[in-house]
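Novice: Structure supplied as structure-v4.cif; contents: mmCIF, C-alpha atoms.
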data_input
#
loop_
_atom_site.group_PDB
_atom_site.id
_atom_site.type_symbol
_atom_site.label_atom_id
_atom_site.label_comp_id
_atom_site.auth_asym_id
_atom_site.auth_seq_id
_atom_site.Cartn_x
_atom_site.Cartn_y
_atom_site.Cartn_z
ATOM 1 C CA MET A 1 -190.724 -1.866 -112.816
ATOM 2 C CA GLU A 2 -187.344 -1.281 -111.304
ATOM 3 C CA ALA A 3 -186.922 -1.000 -107.584
ATOM 4 C CA PRO A 4 -186.507 2.630 -106.471
ATOM 5 C CA GLN A 5 -182.906 2.079 -105.451
ATOM 6 C CA GLU A 6 -182.237 0.872 -108.986
ATOM 7 C CA GLN A 7 -183.619 4.064 -110.418
ATOM 8 C CA TRP A 8 -181.521 6.251 -108.186
ATOM 9 C CA PRO A 9 -178.237 4.493 -108.180
ATOM 10 C CA ASP A 10 -175.419 4.988 -105.734
ATOM 11 C CA ALA A 11 -173.937 7.505 -108.111
ATOM 12 C CA VAL A 12 -172.644 10.073 -105.672
ATOM 13 C CA PRO A 13 -172.473 13.424 -107.422
ATOM 14 C CA VAL A 14 -174.384 12.872 -110.662
ATOM 15 C CA VAL A 15 -175.370 16.510 -110.902
ATOM 16 C CA ARG A 16 -172.152 18.120 -109.868
ATOM 17 C CA PRO A 17 -170.210 17.756 -113.127
ATOM 18 C CA TYR A 18 -172.962 19.616 -114.945
ATOM 19 C CA ALA A 19 -173.096 22.307 -112.287
ATOM 20 C CA MET A 20 -169.393 22.741 -112.931
ATOM 21 C CA THR A 21 -170.090 23.465 -116.578
ATOM 22 C CA SER A 22 -173.260 25.508 -115.890
ATOM 23 C CA GLY A 23 -175.260 22.710 -117.448
ATOM 24 C CA ARG A 24 -173.384 22.774 -120.728
ATOM 25 C CA THR A 25 -172.513 19.514 -122.380
ATOM 26 C CA THR A 26 -170.744 20.846 -125.471
ATOM 27 C CA PRO A 27 -167.514 22.837 -125.461
ATOM 28 C CA VAL A 28 -167.814 26.477 -126.593
ATOM 29 C CA ARG A 29 -164.649 26.068 -128.553
ATOM 30 C CA GLY A 30 -162.881 23.135 -130.106
ATOM 31 C CA ALA A 31 -163.758 19.543 -130.864
ATOM 32 C CA PHE A 32 -162.149 17.316 -128.291
ATOM 33 C CA ASP A 33 -162.063 13.590 -128.094
ATOM 34 C CA LEU A 34 -160.467 11.264 -125.579
ATOM 35 C CA ILE A 35 -157.060 11.357 -127.222
ATOM 36 C CA SER A 36 -156.956 15.053 -128.046
ATOM 37 C CA ILE A 37 -153.650 16.286 -126.673
ATOM 38 C CA VAL A 38 -153.725 19.380 -124.491
ATOM 39 C CA LEU A 39 -150.953 21.677 -123.279
ATOM 40 C CA ALA A 40 -151.254 24.683 -120.969
ATOM 41 C CA THR A 41 -149.899 27.907 -122.384
ATOM 42 C CA ARG A 42 -148.684 29.150 -119.037
ATOM 43 C CA PRO A 43 -147.652 27.946 -115.611
ATOM 44 C CA PRO A 44 -150.321 27.526 -112.940
ATOM 45 C CA GLU A 45 -150.938 30.736 -111.019
ATOM 46 C CA ARG A 46 -152.146 30.889 -107.508
ATOM 47 C CA ASP A 47 -154.803 33.522 -107.966
ATOM 48 C CA ASP A 48 -155.978 33.393 -111.525
ATOM 49 C CA GLY A 49 -159.722 33.423 -110.895
ATOM 50 C CA LEU A 50 -160.273 30.053 -112.512
ATOM 51 C CA HIS A 51 -162.643 27.492 -111.097
ATOM 52 C CA PRO A 52 -160.755 24.900 -109.071
ATOM 53 C CA GLU A 53 -161.287 22.215 -111.729
ATOM 54 C CA SER A 54 -160.025 24.480 -114.507
ATOM 55 C CA ALA A 55 -157.022 25.411 -112.375
ATOM 56 C CA GLN A 56 -156.401 21.687 -111.902
ATOM 57 C CA ILE A 57 -156.472 21.198 -115.672
ATOM 58 C CA ILE A 58 -153.836 23.900 -116.067
ATOM 59 C CA ARG A 59 -151.707 22.211 -113.405
ATOM 60 C CA HIS A 60 -152.018 18.783 -115.033
ATOM 61 C CA SER A 61 -151.330 19.997 -118.549
ATOM 62 C CA GLN A 62 -147.942 21.599 -118.079
ATOM 63 C CA GLU A 63 -146.704 18.755 -120.254
ATOM 64 C CA PRO A 64 -148.743 17.432 -123.202
ATOM 65 C CA VAL A 65 -151.524 15.221 -121.882
ATOM 66 C CA SER A 66 -154.618 13.560 -123.346
ATOM 67 C CA VAL A 67 -158.203 14.389 -122.441
ATOM 68 C CA ALA A 68 -158.590 10.817 -121.152
ATOM 69 C CA GLU A 69 -155.669 11.247 -118.773
ATOM 70 C CA LEU A 70 -156.979 14.595 -117.541
ATOM 71 C CA ALA A 71 -160.402 13.064 -116.904
ATOM 72 C CA ALA A 72 -158.807 10.225 -114.956
ATOM 73 C CA GLU A 73 -156.584 12.604 -112.951
ATOM 74 C CA LEU A 74 -159.447 14.928 -112.112
ATOM 75 C CA ASP A 75 -161.872 12.055 -111.585
ATOM 76 C CA LEU A 76 -164.444 13.773 -113.784
ATOM 77 C CA PRO A 77 -166.425 12.465 -116.762
ATOM 78 C CA ALA A 78 -164.540 13.084 -119.980
ATOM 79 C CA GLY A 79 -167.480 15.101 -121.333
ATOM 80 C CA THR A 80 -167.216 17.541 -118.445
ATOM 81 C CA VAL A 81 -163.486 17.924 -118.943
ATOM 82 C CA MET A 82 -164.075 18.672 -122.633
ATOM 83 C CA VAL A 83 -166.464 21.515 -121.746
ATOM 84 C CA LEU A 84 -163.942 22.988 -119.312
ATOM 85 C CA LEU A 85 -161.211 22.623 -121.949
ATOM 86 C CA GLY A 86 -163.382 24.489 -124.454
ATOM 87 C CA ASP A 87 -163.525 27.434 -122.058
ATOM 88 C CA LEU A 88 -159.772 27.309 -121.479
ATOM 89 C CA LEU A 89 -159.174 27.145 -125.232
ATOM 90 C CA ALA A 90 -161.394 30.204 -125.740
ATOM 91 C CA GLN A 91 -159.318 31.981 -123.089
ATOM 92 C CA ARG A 92 -156.131 30.829 -124.827
ATOM 93 C CA LEU A 93 -154.968 29.154 -121.659
ATOM 94 C CA ILE A 94 -154.402 25.871 -123.459
ATOM 95 C CA VAL A 95 -153.526 24.706 -126.930
ATOM 96 C CA THR A 96 -154.772 21.442 -128.314
ATOM 97 C CA ARG A 97 -154.170 19.041 -131.078
ATOM 98 C CA SER A 98 -156.948 16.822 -132.288
ATOM 99 C CA PRO A 99 -155.997 13.331 -133.373
ATOM 100 C CA THR A 100 -154.536 13.488 -136.851
ATOM 101 C CA PRO A 101 -156.228 13.440 -139.182
ATOM 102 C CA ALA A 102 -159.127 14.488 -137.039
ATOM 103 C CA ARG A 103 -161.350 11.467 -136.470
ATOM 104 C CA GLY A 104 -159.890 9.783 -139.496
ATOM 105 C CA VAL A 105 -157.578 6.848 -139.800
ATOM 106 C CA ALA A 106 -153.896 7.142 -139.007
ATOM 107 C CA SER A 107 -151.572 7.369 -141.973
ATOM 108 C CA ARG A 108 -149.326 4.535 -143.102
ATOM 109 C CA PRO A 109 -146.101 6.207 -141.852
ATOM 110 C CA VAL A 110 -147.671 6.687 -138.423
ATOM 111 C CA ILE A 111 -148.730 3.027 -138.264
ATOM 112 C CA GLU A 112 -145.264 1.946 -139.387
ATOM 113 C CA ALA A 113 -143.729 4.110 -136.678
ATOM 114 C CA VAL A 114 -145.963 2.478 -134.057
ATOM 115 C CA ILE A 115 -144.955 -1.005 -135.260
ATOM 116 C CA HIS A 116 -141.332 -0.008 -135.114
ATOM 117 C CA GLY A 117 -141.766 1.447 -131.644
ATOM 118 C CA LEU A 118 -143.568 -1.622 -130.312
ATOM 119 C CA SER A 119 -140.923 -3.918 -131.727
ATOM 120 C CA THR A 120 -137.956 -2.035 -130.340
ATOM 121 C CA LEU A 121 -139.079 -0.462 -127.064
ATOM 122 C CA MET B 1 -166.871 17.346 -136.080
ATOM 123 C CA ASP B 2 -164.394 19.584 -137.782
ATOM 124 C CA SER B 3 -160.753 19.439 -137.103
ATOM 125 C CA VAL B 4 -159.450 22.106 -134.805
ATOM 126 C CA ARG B 5 -156.425 24.010 -135.810
ATOM 127 C CA SER B 6 -157.309 27.047 -133.803
ATOM 128 C CA ASP B 7 -154.827 28.966 -131.759
ATOM 129 C CA ALA B 8 -151.974 27.593 -133.789
ATOM 130 C CA VAL B 9 -148.788 28.124 -131.835
ATOM 131 C CA PRO B 10 -145.226 27.155 -132.505
ATOM 132 C CA VAL B 11 -145.502 24.195 -130.143
ATOM 133 C CA VAL B 12 -145.340 20.683 -131.478
ATOM 134 C CA LEU B 13 -147.795 18.501 -129.676
ATOM 135 C CA PRO B 14 -147.455 14.758 -130.086
ATOM 136 C CA THR B 15 -149.688 12.848 -132.443
ATOM 137 C CA ALA B 16 -151.977 10.512 -130.551
ATOM 138 C CA VAL B 17 -153.381 7.293 -131.981
ATOM 139 C CA LYS B 18 -155.536 4.659 -130.389
ATOM 140 C CA ILE B 19 -156.266 0.982 -130.507
ATOM 141 C CA LEU B 20 -159.312 -0.568 -128.874
ATOM 142 C CA ILE B 21 -159.138 -3.691 -126.782
ATOM 143 C CA ALA B 22 -162.613 -5.190 -126.926
ATOM 144 C CA GLY B 23 -164.242 -8.326 -125.658
ATOM 145 C CA HIS B 24 -166.793 -9.558 -123.192
ATOM 146 C CA PHE B 25 -166.701 -9.005 -119.462
ATOM 147 C CA GLY B 26 -163.857 -10.797 -117.727
ATOM 148 C CA VAL B 27 -161.952 -11.767 -120.856
ATOM 149 C CA GLY B 28 -158.843 -9.861 -119.818
ATOM 150 C CA LYS B 29 -159.100 -6.458 -121.527
ATOM 151 C CA THR B 30 -157.689 -4.495 -118.617
ATOM 152 C CA THR B 31 -155.057 -7.186 -118.088
ATOM 153 C CA MET B 32 -153.847 -6.724 -121.649
ATOM 154 C CA VAL B 33 -153.908 -2.922 -121.361
ATOM 155 C CA GLY B 34 -151.890 -3.205 -118.154
ATOM 156 C CA ALA B 35 -149.396 -5.644 -119.673
ATOM 157 C CA VAL B 36 -148.317 -3.241 -122.406
ATOM 158 C CA SER B 37 -149.008 0.167 -120.871
ATOM 159 C CA GLU B 38 -146.188 2.258 -119.462
ATOM 160 C CA ILE B 39 -148.587 3.620 -116.872
ATOM 161 C CA ARG B 40 -150.860 1.723 -114.557
ATOM 162 C CA PRO B 41 -154.184 1.510 -116.397
ATOM 163 C CA LEU B 42 -156.207 4.632 -115.691
ATOM 164 C CA ARG B 43 -159.935 4.765 -115.539
ATOM 165 C CA THR B 44 -162.122 7.358 -117.127
ATOM 166 C CA GLU B 45 -165.838 7.506 -116.692
ATOM 167 C CA GLU B 46 -168.351 8.712 -119.167
ATOM 168 C CA MET B 47 -171.919 9.565 -118.348
ATOM 169 C CA LEU B 48 -174.750 8.097 -120.273
ATOM 170 C CA THR B 49 -177.350 10.819 -120.363
ATOM 171 C CA ASP B 50 -179.858 12.142 -122.847
ATOM 172 C CA ALA B 51 -177.252 11.623 -125.530
ATOM 173 C CA GLY B 52 -177.679 7.915 -125.098
ATOM 174 C CA ILE B 53 -181.446 7.843 -125.366
ATOM 175 C CA GLY B 54 -182.603 6.561 -128.673
ATOM 176 C CA VAL B 55 -179.387 4.661 -129.079
ATOM 177 C CA ASP B 56 -179.605 2.859 -125.798
ATOM 178 C CA ASP B 57 -182.394 0.614 -124.887
ATOM 179 C CA LEU B 58 -183.499 2.422 -121.792
ATOM 180 C CA SER B 59 -187.116 1.324 -122.107
ATOM 181 C CA GLY B 60 -188.596 0.666 -118.741
ATOM 182 C CA VAL B 61 -185.988 2.658 -116.894
ATOM 183 C CA GLU B 62 -186.976 6.150 -117.954
ATOM 184 C CA ALA B 63 -186.334 7.547 -114.521
ATOM 185 C CA LYS B 64 -182.693 6.580 -114.744
ATOM 186 C CA THR B 65 -181.319 9.223 -117.014
ATOM 187 C CA HIS B 66 -177.765 9.072 -115.720
ATOM 188 C CA THR B 67 -175.467 6.165 -115.509
ATOM 189 C CA THR B 68 -171.736 5.986 -115.783
ATOM 190 C CA VAL B 69 -169.594 3.731 -117.904
ATOM 191 C CA ALA B 70 -165.995 3.136 -116.934
ATOM 192 C CA MET B 71 -163.209 2.530 -119.407
ATOM 193 C CA ASP B 72 -159.695 1.513 -118.554
ATOM 194 C CA PHE B 73 -156.930 2.793 -120.725
ATOM 195 C CA GLY B 74 -153.185 2.775 -120.998
ATOM 196 C CA ARG B 75 -150.454 4.611 -122.843
ATOM 197 C CA ILE B 76 -147.328 3.681 -124.786
ATOM 198 C CA THR B 77 -145.028 6.542 -125.732
ATOM 199 C CA ILE B 78 -143.603 5.553 -129.101
ATOM 200 C CA SER B 79 -141.506 8.687 -129.459
ATOM 201 C CA ARG B 80 -141.562 12.313 -128.420
ATOM 202 C CA ASP B 81 -143.973 12.949 -131.265
ATOM 203 C CA LEU B 82 -146.152 9.866 -131.167
ATOM 204 C CA VAL B 83 -148.223 8.334 -128.397
ATOM 205 C CA LEU B 84 -150.365 5.213 -128.589
ATOM 206 C CA TYR B 85 -153.404 4.898 -126.326
ATOM 207 C CA LEU B 86 -155.142 1.617 -125.660
ATOM 208 C CA PHE B 87 -158.748 1.638 -124.553
ATOM 209 C CA GLY B 88 -160.446 -1.318 -122.972
ATOM 210 C CA THR B 89 -163.980 -0.921 -124.248
ATOM 211 C CA PRO B 90 -166.902 -1.733 -122.000
ATOM 212 C CA GLY B 91 -168.473 -4.874 -123.361
ATOM 213 C CA GLN B 92 -172.162 -4.353 -122.845
ATOM 214 C CA ASP B 93 -174.406 -3.888 -125.853
ATOM 215 C CA ARG B 94 -176.178 -0.963 -124.284
ATOM 216 C CA PHE B 95 -173.020 1.119 -124.402
ATOM 217 C CA SER B 96 -172.821 0.927 -128.159
ATOM 218 C CA PHE B 97 -172.988 4.693 -128.573
ATOM 219 C CA LEU B 98 -169.866 4.936 -126.460
ATOM 220 C CA TRP B 99 -168.224 2.441 -128.763
ATOM 221 C CA ASP B 100 -168.997 4.713 -131.695
ATOM 222 C CA GLU B 101 -167.184 7.497 -129.938
ATOM 223 C CA LEU B 102 -164.262 5.240 -129.137
ATOM 224 C CA ALA B 103 -164.074 3.571 -132.526
ATOM 225 C CA ALA B 104 -164.001 6.898 -134.397
ATOM 226 C CA GLY B 105 -160.433 7.445 -135.473
ATOM 227 C CA ALA B 106 -159.132 4.203 -133.986
ATOM 228 C CA ILE B 107 -156.432 2.439 -135.986
ATOM 229 C CA GLY B 108 -158.176 -0.820 -135.243
ATOM 230 C CA ALA B 109 -159.294 -3.204 -132.541
ATOM 231 C CA VAL B 110 -158.196 -6.332 -130.781
ATOM 232 C CA VAL B 111 -161.119 -8.622 -129.971
ATOM 233 C CA LEU B 112 -160.011 -10.669 -126.998
ATOM 234 C CA ALA B 113 -161.742 -14.022 -126.886
ATOM 235 C CA ASP B 114 -161.988 -16.915 -124.476
ATOM 236 C CA THR B 115 -162.507 -20.357 -126.014
ATOM 237 C CA ARG B 116 -164.817 -21.283 -123.133
ATOM 238 C CA ARG B 117 -167.169 -18.448 -124.076
ATOM 239 C CA LEU B 118 -166.544 -17.950 -127.765
ATOM 240 C CA LYS B 119 -170.088 -17.015 -128.644
ATOM 241 C CA GLU B 120 -169.854 -14.006 -126.335
ATOM 242 C CA SER B 121 -167.407 -12.531 -128.830
ATOM 243 C CA PHE B 122 -170.003 -12.347 -131.599
ATOM 244 C CA ALA B 123 -171.365 -8.947 -130.565
ATOM 245 C CA CYS B 124 -167.913 -7.340 -130.755
ATOM 246 C CA ILE B 125 -167.042 -8.999 -134.028
ATOM 247 C CA ASP B 126 -170.327 -8.000 -135.640
ATOM 248 C CA TYR B 127 -169.836 -4.457 -134.453
ATOM 249 C CA PHE B 128 -166.373 -4.061 -135.975
ATOM 250 C CA GLU B 129 -167.342 -5.871 -139.174
ATOM 251 C CA ASP B 130 -170.347 -3.565 -139.616
ATOM 252 C CA ARG B 131 -168.236 -0.487 -138.993
ATOM 253 C CA GLU B 132 -165.414 -1.810 -141.148
ATOM 254 C CA THR B 133 -162.995 -1.208 -138.315
ATOM 255 C CA PRO B 134 -159.967 -3.463 -138.881
ATOM 256 C CA PHE B 135 -159.554 -6.022 -136.112
ATOM 257 C CA VAL B 136 -157.756 -9.181 -135.110
ATOM 258 C CA VAL B 137 -159.055 -11.856 -132.770
ATOM 259 C CA ALA B 138 -156.677 -12.723 -129.954
ATOM 260 C CA VAL B 139 -157.571 -15.842 -127.993
ATOM 261 C CA ASN B 140 -156.508 -15.309 -124.406
ATOM 262 C CA CYS B 141 -155.206 -18.694 -123.373
ATOM 263 C CA PHE B 142 -156.669 -19.136 -119.937
ATOM 264 C CA ASP B 143 -155.555 -22.036 -117.840
ATOM 265 C CA GLY B 144 -158.225 -24.646 -118.188
ATOM 266 C CA GLY B 145 -159.496 -23.344 -121.490
ATOM 267 C CA ASP B 146 -159.591 -25.830 -124.302
ATOM 268 C CA ARG B 147 -156.674 -25.418 -126.657
ATOM 269 C CA PHE B 148 -157.979 -24.684 -130.103
ATOM 270 C CA THR B 149 -155.928 -23.795 -133.110
ATOM 271 C CA PRO B 150 -156.422 -20.345 -134.621
ATOM 272 C CA ALA B 151 -158.027 -22.098 -137.599
ATOM 273 C CA ASP B 152 -160.609 -23.735 -135.297
ATOM 274 C CA VAL B 153 -161.436 -20.356 -133.784
ATOM 275 C CA GLN B 154 -161.671 -18.714 -137.176
ATOM 276 C CA LEU B 155 -164.171 -21.341 -138.244
ATOM 277 C CA ALA B 156 -166.134 -21.269 -134.983
ATOM 278 C CA LEU B 157 -166.475 -17.486 -135.165
ATOM 279 C CA ASN B 158 -167.280 -17.559 -138.869
ATOM 280 C CA LEU B 159 -164.619 -14.964 -139.521
ATOM 281 C CA ASP B 160 -163.620 -13.582 -142.847
ATOM 282 C CA PRO B 161 -160.563 -15.630 -143.883
ATOM 283 C CA GLY B 162 -158.539 -12.434 -143.991
ATOM 284 C CA THR B 163 -159.112 -11.684 -140.312
ATOM 285 C CA PRO B 164 -156.063 -12.794 -138.330
ATOM 286 C CA VAL B 165 -156.562 -15.019 -135.304
ATOM 287 C CA LEU B 166 -153.775 -15.332 -132.749
ATOM 288 C CA LEU B 167 -153.266 -17.099 -129.472
ATOM 289 C CA CYS B 168 -151.959 -14.914 -126.686
ATOM 290 C CA ASP B 169 -151.401 -14.525 -122.987
ATOM 291 C CA ALA B 170 -152.904 -11.171 -122.055
ATOM 292 C CA ARG B 171 -150.784 -11.069 -118.887
ATOM 293 C CA ASN B 172 -147.590 -11.169 -120.875
ATOM 294 C CA ARG B 173 -146.117 -7.981 -122.286
ATOM 295 C CA ALA B 174 -144.317 -9.557 -125.234
ATOM 296 C CA SER B 175 -147.328 -11.644 -126.174
ATOM 297 C CA SER B 176 -149.699 -8.674 -125.947
ATOM 298 C CA ARG B 177 -147.319 -6.486 -127.941
ATOM 299 C CA ALA B 178 -147.176 -9.168 -130.607
ATOM 300 C CA VAL B 179 -150.964 -8.969 -130.849
ATOM 301 C CA LEU B 180 -150.802 -5.195 -131.337
ATOM 302 C CA VAL B 181 -148.134 -5.560 -134.003
ATOM 303 C CA ALA B 182 -150.226 -8.219 -135.770
ATOM 304 C CA LEU B 183 -153.178 -5.826 -135.787
ATOM 305 C CA LEU B 184 -151.092 -2.982 -137.201
ATOM 306 C CA GLN B 185 -149.608 -5.218 -139.892
ATOM 307 C CA HIS B 186 -153.119 -6.376 -140.748
ATOM 308 C CA VAL B 187 -154.194 -2.736 -141.109
ATOM 309 C CA LEU B 188 -151.260 -2.055 -143.435
ATOM 310 C CA SER B 189 -152.122 -5.112 -145.522
ATOM 311 C CA LEU B 190 -155.650 -3.875 -146.217
ATOM 312 C CA PRO B 191 -156.365 -2.149 -149.512
ATOM 313 C CA VAL B 192 -156.421 1.617 -149.069
#
Just dump the structure as structure tokens.

Specialist:
Amino acid sequence: MEAPQEQWPDAVPVVRPYAMTSGRTTPVRGAFDLISIVLATRPPERDDGLHPESAQIIRHSQEPVSVAELAAELDLPAGTVMVLLGDLLAQRLIVTRSPTPARGVASRPVIEAVIHGLSTL
Amino acid sequence: MDSVRSDAVPVVLPTAVKILIAGHFGVGKTTMVGAVSEIRPLRTEEMLTDAGIGVDDLSGVEAKTHTTVAMDFGRITISRDLVLYLFGTPGQDRFSFLWDELAAGAIGAVVLADTRRLKESFACIDYFEDRETPFVVAVNCFDGGDRFTPADVQLALNLDPGTPVLLCDARNRASSRAVLVALLQHVLSLPV
């Protein structure tokens, strides 16, 4: 039997990320993974009625950015960010590109380009 | 999951690819990510919740339905259209479902190994062999570690002869880049 403090770890806001997504764990729209690239379709607006975290996503995705980077910037679990991104995608406030080919293996030209880049950068 | 091409707009977003840096705790995964990344390694946390039950061995700790797993990652911008992400994968067996998520779509993996604790690399190696994820073994040459040849390590780890083994210094950018290039060349050498 674990000690009580083991069962309820120091995790500060374990519930909060789910509250932020109204308990949802799957995006309404889109299939995101950690390296899905996201770009906002418009500049951040001061009074756009978005939740603060969604507004933060818009602010941080004015240039193409990955889901992993957004999660790190917002200090939220990646799963939570994906749910928020699904809402923003449904509202057409972002566009996204899943890794190509989606969840498959990169093509030979892409791998060659990475080798070239690593060797010359 | 299906690919998403929704809301197609005339914007070209970069292609993103990823490589995993795996290995046991303390072997230097984050060091290697940091050595090659153009950004300071970032940390993202993922929650283990109900999704992990059945995959994770949570027996005996039923009350603990949430725990977080941290991953460090870095980025190398290859060009305006192509970005490489490197993920240091948490080493513990119980996070294997997270590995599945990470390994999906990865070009391949670097298994970082330490000759003082070689047997701790078995779990990683088995995982990538089972999944048929291409990988190379990079021996991080710690001060004080015995100097083995790559052939010794290959034998000790019972690797397929086709799996490259390299010596490296995970702190060194050129050395770590050479490991990544070796992995990519290995991937290209595999039959399609």

Novice: Please evaluate the PyMOL selection byres ((chain B and resi 130-146) around 6) against the structure above and give the resulting residues as a ChimeraX atom specification.

Specialist: /B:108-114,116,126-129,147,163-170,183

Novice: Would you write out, as a PyMOL selection string, every residue that the PyMOL selection byres ((chain A and resi 67-75) around 10) captures in this file?

Specialist: (chain A and resi 32-38+53-54+56-58+60-61+64-66+76-82+85+96) or (chain B and resi 41-46+71-75+85+87)

Novice: Please work out which residues fall within 12 Å of (-143.3, -0.1, -135.8), coordinates as given in the file, with all atoms listed in the file counting, and return them as a list in words.

Specialist: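 Residues lying no farther than 12 Å from the given point: Arg108, Pro109, Val110, Ile111, Glu112, Ala113, Val114, Ile115, His116, Gly117, Leu118, Ser119, Thr120 and Leu121 of chain A; Ile78, Ser79, Leu82, Leu84, Arg177, Ala178, Leu180, Val181, Ala182, Leu183, Leu184, Gln185 and Leu188 of chain B.
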
Novice: Distance atom CA of Thr25 of chain A-atom CA of Val83 of chain A, one decimal place?

Specialist: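 Between these atoms lies a distance of 6.4 Å.
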
Novice: Between B:Ala103, B:Ile125, B:Ile39, B:Ala16, which has the minimum distance to chain A (counting only C-alpha atoms)?

Specialist: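 Going through B:Ala103, B:Ile125, B:Ile39, B:Ala16 one by one, the smallest distance to chain A is for B:Ala16.
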
Novice: Between A:Glu45, A:Gly30, A:Ser107, A:Pro52, which is the closest to chain B once you count all atoms listed in the file?

Specialist: A:Gly30

Novice: Could you please determine the separation between atom CA of Asp87 of chain A and atom CA of Gly105 of chain B in Å, to one decimal place?

Specialist: 24.3 Å

Novice: Counting only C-alpha atoms, figure out which residue out of B:Leu155, B:Val27, B:Ala35, B:Leu13 gets nearest to chain A.

Specialist: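 Of B:Leu155, B:Val27, B:Ala35, B:Leu13, the one nearest chain A, counting only C-alpha atoms, is B:Leu13.
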
Novice: Just the residues within 10 Å of segment 89-91 of chain A, please, counting only C-alpha atoms, with nothing from its chain fewer than 6 positions along; format it as a list of chain:residue names.

Specialist: A:Pro27, A:Val28, A:Arg29, A:Gly30, A:Val38, A:Ala40, A:Thr41, A:Val83, B:Ser6, B:Asp7

Novice: Restricting the calculation to only C-alpha atoms: of A:Leu88, A:Ile94, A:Ala19, A:Ala55, which residue gets closest to Arg42 of chain A?

Specialist: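 Closest to Arg42 of chain A, using only C-alpha atoms: A:Ile94.
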
Novice: Would you work out the distance separating atom CA of Ser189 of chain B from atom CA of Lys119 of chain B, expressed in Å to one decimal?

Specialist: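 Atom CA of Lys119 of chain B lies at a distance of 27.4 Å from atom CA of Ser189 of chain B.
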